[in-house]
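A.B. asks: Following this message is one structure expressed as structure tokens.
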Amino acid sequence: MDINLVNALPYEDFVNIFGNVVEKCPIITASVWSKRPFVSLPALEAAISEFIDSLPESGKEGILRCHPDLAGRDLQRGTLTLESREEQARAGLDSLNSAEASRMTRLNEEYKERFGFPFVICARMNDKANILRQLSERCQNERAVERARGIEEVKKICRLRLQGLVLTDAPNKL
Ligand SMILES: NC(=O)N[C@H]1NC(=O)NC1=O
């Protein structure tokens with residue numbers, strides 16, 4: 001999809017197509033529509049990033065809380081968003097053995113208990129062993145470090161989702 005086409009979209013279509021580039025946060029997409037025209041895809045990405053950075057810390061934590069656990073209840077129940085389902089499958093999180101699954105559940109709970117938001121990592125850039133290792137290591141961090149780290153990961157997920165929508169000929173939601 002050409003950037004000129006993106007810029008020409010009415011907000012209903014823009015939100016419909018790009019509303020989940022940040023998981024379950026269509027308000028971000030709806031807000032950056034006002035910043036059109038974007039000179040390029042990275043400019044659209046930068047506008048999203050700036051919006052996120054402008055939020056208070058509670059808002060950033062809110063974004064993290066919109067993310068499903070990795071290999072969690074939503075995956076088991078089939079209630080993940082399409083994007084998250086594909087990302088988690090790509091990292092092999094839909095085929096954990098029982099030892100891996102129980103370790104993931106225990107560490108996810110420990111992480112949420114400690115920080116009050118879920119562990120977020122760009123699943124497409126990691127495999128399951130790496131995710132488990134980072135989950136265990138990041139449980140040891142300070143809350144502010146983890147908040148910032150989680151937001152960095154949200155931005156990586158967003159970049160890959162945007163690229164998937166704009167740089168491919170994948171059918172969009174129009
Ligand atoms: N918890 C978490 O990191 N979830 C996200 N990660 C990712 O790549 N897709 C998601 O939904």
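Quick note on naming: the chains in the structure tokens go A, B, ... in the order shown, residues restart at 1 in each chain, and ligands are numbered from 1 in order of appearance.
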Which neighbours of range 87-96 of chain A fall inside 9 Å, counting only C-alpha atoms, when residues of the same chain fewer than 3 positions from it are skipped, and could you give them as a list of chain:residue names?

C.D. replies: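 What passes the distance filter is A:Leu70, A:Ala71, A:Leu75, A:Gln76, A:Leu82, A:Glu83, A:Ser84, A:Ala99, A:Glu100, A:Ala101, A:Cys122, A:Ala123, A:Arg124, A:Met125, A:Asn126, A:Asp127, A:Lys128, A:Ile131.
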
A.B. asks: Could you write those residues out with all heavy atoms, as a CSV table (one decimal), in the first residue's frame?

C.D. replies:
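Writing done, so here's result_2.csv:
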chain,number,residue,atom,x,y,z
A,70,LEU,N,1.9,-14.1,27.0
A,70,LEU,CA,2.4,-15.0,26.0
A,70,LEU,C,2.1,-16.5,26.4
A,70,LEU,O,2.3,-16.8,27.6
A,70,LEU,CB,3.9,-14.8,25.8
A,70,LEU,CG,4.3,-13.5,25.2
A,70,LEU,CD1,5.8,-13.2,25.3
A,70,LEU,CD2,3.9,-13.4,23.8
A,71,ALA,N,1.6,-17.3,25.5
A,71,ALA,CA,1.2,-18.7,25.8
A,71,ALA,C,0.3,-18.7,27.0
A,71,ALA,O,0.4,-19.6,27.9
A,71,ALA,CB,2.5,-19.5,26.1
A,75,LEU,N,-4.5,-17.6,24.4
A,75,LEU,CA,-4.0,-18.5,23.4
A,75,LEU,C,-4.7,-19.8,23.5
A,75,LEU,O,-5.2,-20.4,22.5
A,75,LEU,CB,-2.5,-18.7,23.5
A,75,LEU,CG,-1.8,-19.5,22.4
A,75,LEU,CD1,-0.4,-19.0,22.0
A,75,LEU,CD2,-1.7,-21.0,22.7
A,76,GLN,N,-4.8,-20.3,24.8
A,76,GLN,CA,-5.5,-21.6,25.0
A,76,GLN,C,-7.0,-21.6,24.6
A,76,GLN,O,-7.5,-22.5,24.0
A,76,GLN,CB,-5.4,-22.0,26.5
A,76,GLN,CG,-4.0,-22.6,26.8
A,76,GLN,CD,-3.6,-22.2,28.2
A,76,GLN,OE1,-4.4,-21.9,29.1
A,76,GLN,NE2,-2.3,-22.1,28.4
A,82,LEU,N,-5.9,-11.7,15.8
A,82,LEU,CA,-5.2,-12.4,14.7
A,82,LEU,C,-3.7,-12.2,14.7
A,82,LEU,O,-2.9,-13.1,14.6
A,82,LEU,CB,-5.8,-11.9,13.4
A,82,LEU,CG,-5.3,-12.5,12.1
A,82,LEU,CD1,-5.7,-14.0,12.1
A,82,LEU,CD2,-5.9,-11.8,10.9
A,83,GLU,N,-3.3,-10.9,14.9
A,83,GLU,CA,-1.9,-10.5,14.9
A,83,GLU,C,-1.1,-11.2,16.0
A,83,GLU,O,-0.1,-11.8,15.7
A,83,GLU,CB,-1.8,-9.0,15.1
A,83,GLU,CG,-2.3,-8.1,14.0
A,83,GLU,CD,-3.8,-7.8,14.2
A,83,GLU,OE1,-4.5,-8.5,15.0
A,83,GLU,OE2,-4.3,-6.9,13.5
A,84,SER,N,-1.7,-11.2,17.2
A,84,SER,CA,-1.0,-11.8,18.3
A,84,SER,C,-0.9,-13.4,18.1
A,84,SER,O,0.1,-14.0,18.4
A,84,SER,CB,-1.7,-11.5,19.6
A,84,SER,OG,-1.0,-12.0,20.7
A,99,ALA,N,6.4,-29.0,30.4
A,99,ALA,CA,7.4,-28.3,31.4
A,99,ALA,C,7.5,-26.8,31.0
A,99,ALA,O,7.5,-25.9,31.8
A,99,ALA,CB,8.7,-29.0,31.3
A,100,GLU,N,7.6,-26.6,29.7
A,100,GLU,CA,7.8,-25.2,29.2
A,100,GLU,C,6.5,-24.4,29.5
A,100,GLU,O,6.6,-23.2,30.0
A,100,GLU,CB,8.0,-25.2,27.7
A,100,GLU,CG,9.4,-25.7,27.2
A,100,GLU,CD,9.4,-26.0,25.7
A,100,GLU,OE1,8.4,-26.2,25.1
A,100,GLU,OE2,10.6,-26.1,25.2
A,101,ALA,N,5.4,-25.0,29.3
A,101,ALA,CA,4.1,-24.3,29.5
A,101,ALA,C,4.0,-23.9,31.0
A,101,ALA,O,3.6,-22.8,31.3
A,101,ALA,CB,2.9,-25.2,29.1
A,122,CYS,N,8.7,-8.7,21.8
A,122,CYS,CA,8.3,-8.9,20.4
A,122,CYS,C,8.5,-10.4,20.0
A,122,CYS,O,9.7,-10.8,19.8
A,122,CYS,CB,9.1,-8.0,19.5
A,122,CYS,SG,8.8,-8.2,17.7
A,123,ALA,N,7.5,-11.2,20.0
A,123,ALA,CA,7.6,-12.6,19.8
A,123,ALA,C,8.2,-13.0,18.4
A,123,ALA,O,8.9,-13.9,18.3
A,123,ALA,CB,6.2,-13.3,19.9
A,124,ARG,N,7.9,-12.1,17.4
A,124,ARG,CA,8.5,-12.4,16.1
A,124,ARG,C,10.0,-12.3,16.0
A,124,ARG,O,10.6,-12.8,15.1
A,124,ARG,CB,7.9,-11.5,15.1
A,124,ARG,CG,6.5,-12.0,14.7
A,124,ARG,CD,6.3,-11.7,13.2
A,124,ARG,NE,5.4,-10.6,13.0
A,124,ARG,CZ,5.2,-10.1,11.8
A,124,ARG,NH1,5.9,-10.5,10.7
A,124,ARG,NH2,4.4,-9.1,11.7
A,125,MET,N,10.6,-11.6,17.0
A,125,MET,CA,12.1,-11.5,17.0
A,125,MET,C,12.7,-12.4,17.9
A,125,MET,O,13.9,-12.3,18.2
A,125,MET,CB,12.4,-10.0,17.4
A,125,MET,CG,12.0,-9.0,16.4
A,125,MET,SD,12.6,-7.4,16.9
A,125,MET,CE,12.3,-6.4,15.4
A,126,ASN,N,12.0,-13.4,18.5
A,126,ASN,CA,12.5,-14.3,19.5
A,126,ASN,C,11.9,-15.7,19.3
A,126,ASN,O,10.8,-15.8,18.8
A,126,ASN,CB,12.2,-13.8,20.9
A,126,ASN,CG,12.9,-12.5,21.2
A,126,ASN,OD1,14.1,-12.5,21.6
A,126,ASN,ND2,12.2,-11.4,21.1
A,127,ASP,N,12.7,-16.7,19.8
A,127,ASP,CA,12.0,-18.0,19.8
A,127,ASP,C,11.7,-18.3,21.3
A,127,ASP,O,12.0,-17.5,22.2
A,127,ASP,CB,13.0,-19.1,19.2
A,127,ASP,CG,14.3,-19.2,20.0
A,127,ASP,OD1,14.4,-18.7,21.1
A,127,ASP,OD2,15.3,-19.7,19.4
A,128,LYS,N,11.0,-19.5,21.5
A,128,LYS,CA,10.5,-19.7,22.8
A,128,LYS,C,11.5,-19.8,23.9
A,128,LYS,O,11.3,-19.4,25.0
A,128,LYS,CB,9.6,-21.0,22.8
A,128,LYS,CG,10.3,-22.3,22.4
A,128,LYS,CD,9.3,-23.4,22.4
A,128,LYS,CE,10.0,-24.7,22.0
A,128,LYS,NZ,9.1,-25.8,21.9
A,131,ILE,N,12.6,-16.3,24.8
A,131,ILE,CA,11.5,-15.6,25.5
A,131,ILE,C,11.5,-16.1,27.0
A,131,ILE,O,11.4,-15.3,27.9
A,131,ILE,CB,10.1,-15.9,24.8
A,131,ILE,CG1,10.1,-15.1,23.5
A,131,ILE,CG2,9.0,-15.5,25.7
A,131,ILE,CD1,8.9,-15.4,22.6

A.B. asks: Can you tell me which residues surround range 59-65 of chain A at a distance of at most 10 Å, considering only C-alpha atoms, apart from same-chain residues fewer than 3 positions away, and format the answer as a list in words?

C.D. replies: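 Selected residues are Val22, Glu23, Lys24, Cys25, Ile28, Ile52, Asp53, Ser54, Leu55, Pro56, Pro68, Asp69, Lys112, Phe115, Gly116, Phe117, Pro118, Phe119, Val120, Glu146, Arg147, Ala148, Gly150, Ile151, Glu153 and Val154 of chain A.
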
A.B. asks: Among range 5-157 of chain A, which ones does DSSP place in alpha helix (DSSP H), written as a PyMOL selection string?

C.D. replies: chain A and resi 5-7+11-18+26-32+41-54+57-65+73-77+82-90+98-115+128-138+143-157

A.B. asks: Please indicate the distance in Å from CA of Asn20 in chain A to CA of Asn108 in chain A, rounded to one decimal place.

C.D. replies: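 Taking CA of Asn20 in chain A and CA of Asn108 in chain A, their separation equals 22.9 Å.
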
A.B. asks: I need the residue nearest ligand 1 from this list: A:Thr168, A:Thr105, A:Ser98, A:Asn7. Use only C-alpha atoms and all ligand atoms for the distance.

C.D. replies: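 Of all the options, A:Thr105 lies closest to ligand 1.
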
A.B. asks: Quick one: of A:Leu132, A:Gln140, A:Ser49, A:Phe14, who's nearest to ligand 1, counting only C-alpha atoms and all ligand atoms?

C.D. replies: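 Among A:Leu132, A:Gln140, A:Ser49, A:Phe14, it is A:Leu132 that comes nearest to ligand 1.
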
A.B. asks: Given only C-alpha atoms as the basis, pick out the residue of A:Arg143, A:Arg133, A:Arg73, A:Arg149 nearest to Glu113 in chain A.

C.D. replies: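 Looking at the shortest contact to Glu113 in chain A, the residue is A:Arg143.
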
A.B. asks: Here is a test: counting only C-alpha atoms and all ligand atoms, which residue of A:Thr79, A:Ser102, A:Asn97, A:Thr29 is nearest to ligand 1?

C.D. replies: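 Looking at the shortest contact to ligand 1, the residue is A:Thr79.
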
A.B. asks: From the list A:Ala144, A:Met1, A:Ile121, A:Val21, which residue is nearest ligand 1 when using only C-alpha atoms and all ligand atoms?

C.D. replies: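 Comparing A:Ala144, A:Met1, A:Ile121, A:Val21 against ligand 1, the winner is A:Ile121.
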
A.B. asks: From the options A:Glu142, A:Asn16, A:Leu41, A:Leu135, which residue's atoms come nearest to Leu167 in chain A, counting only C-alpha atoms?

C.D. replies: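 That would be A:Leu41, the residue with the smallest distance to Leu167 in chain A.
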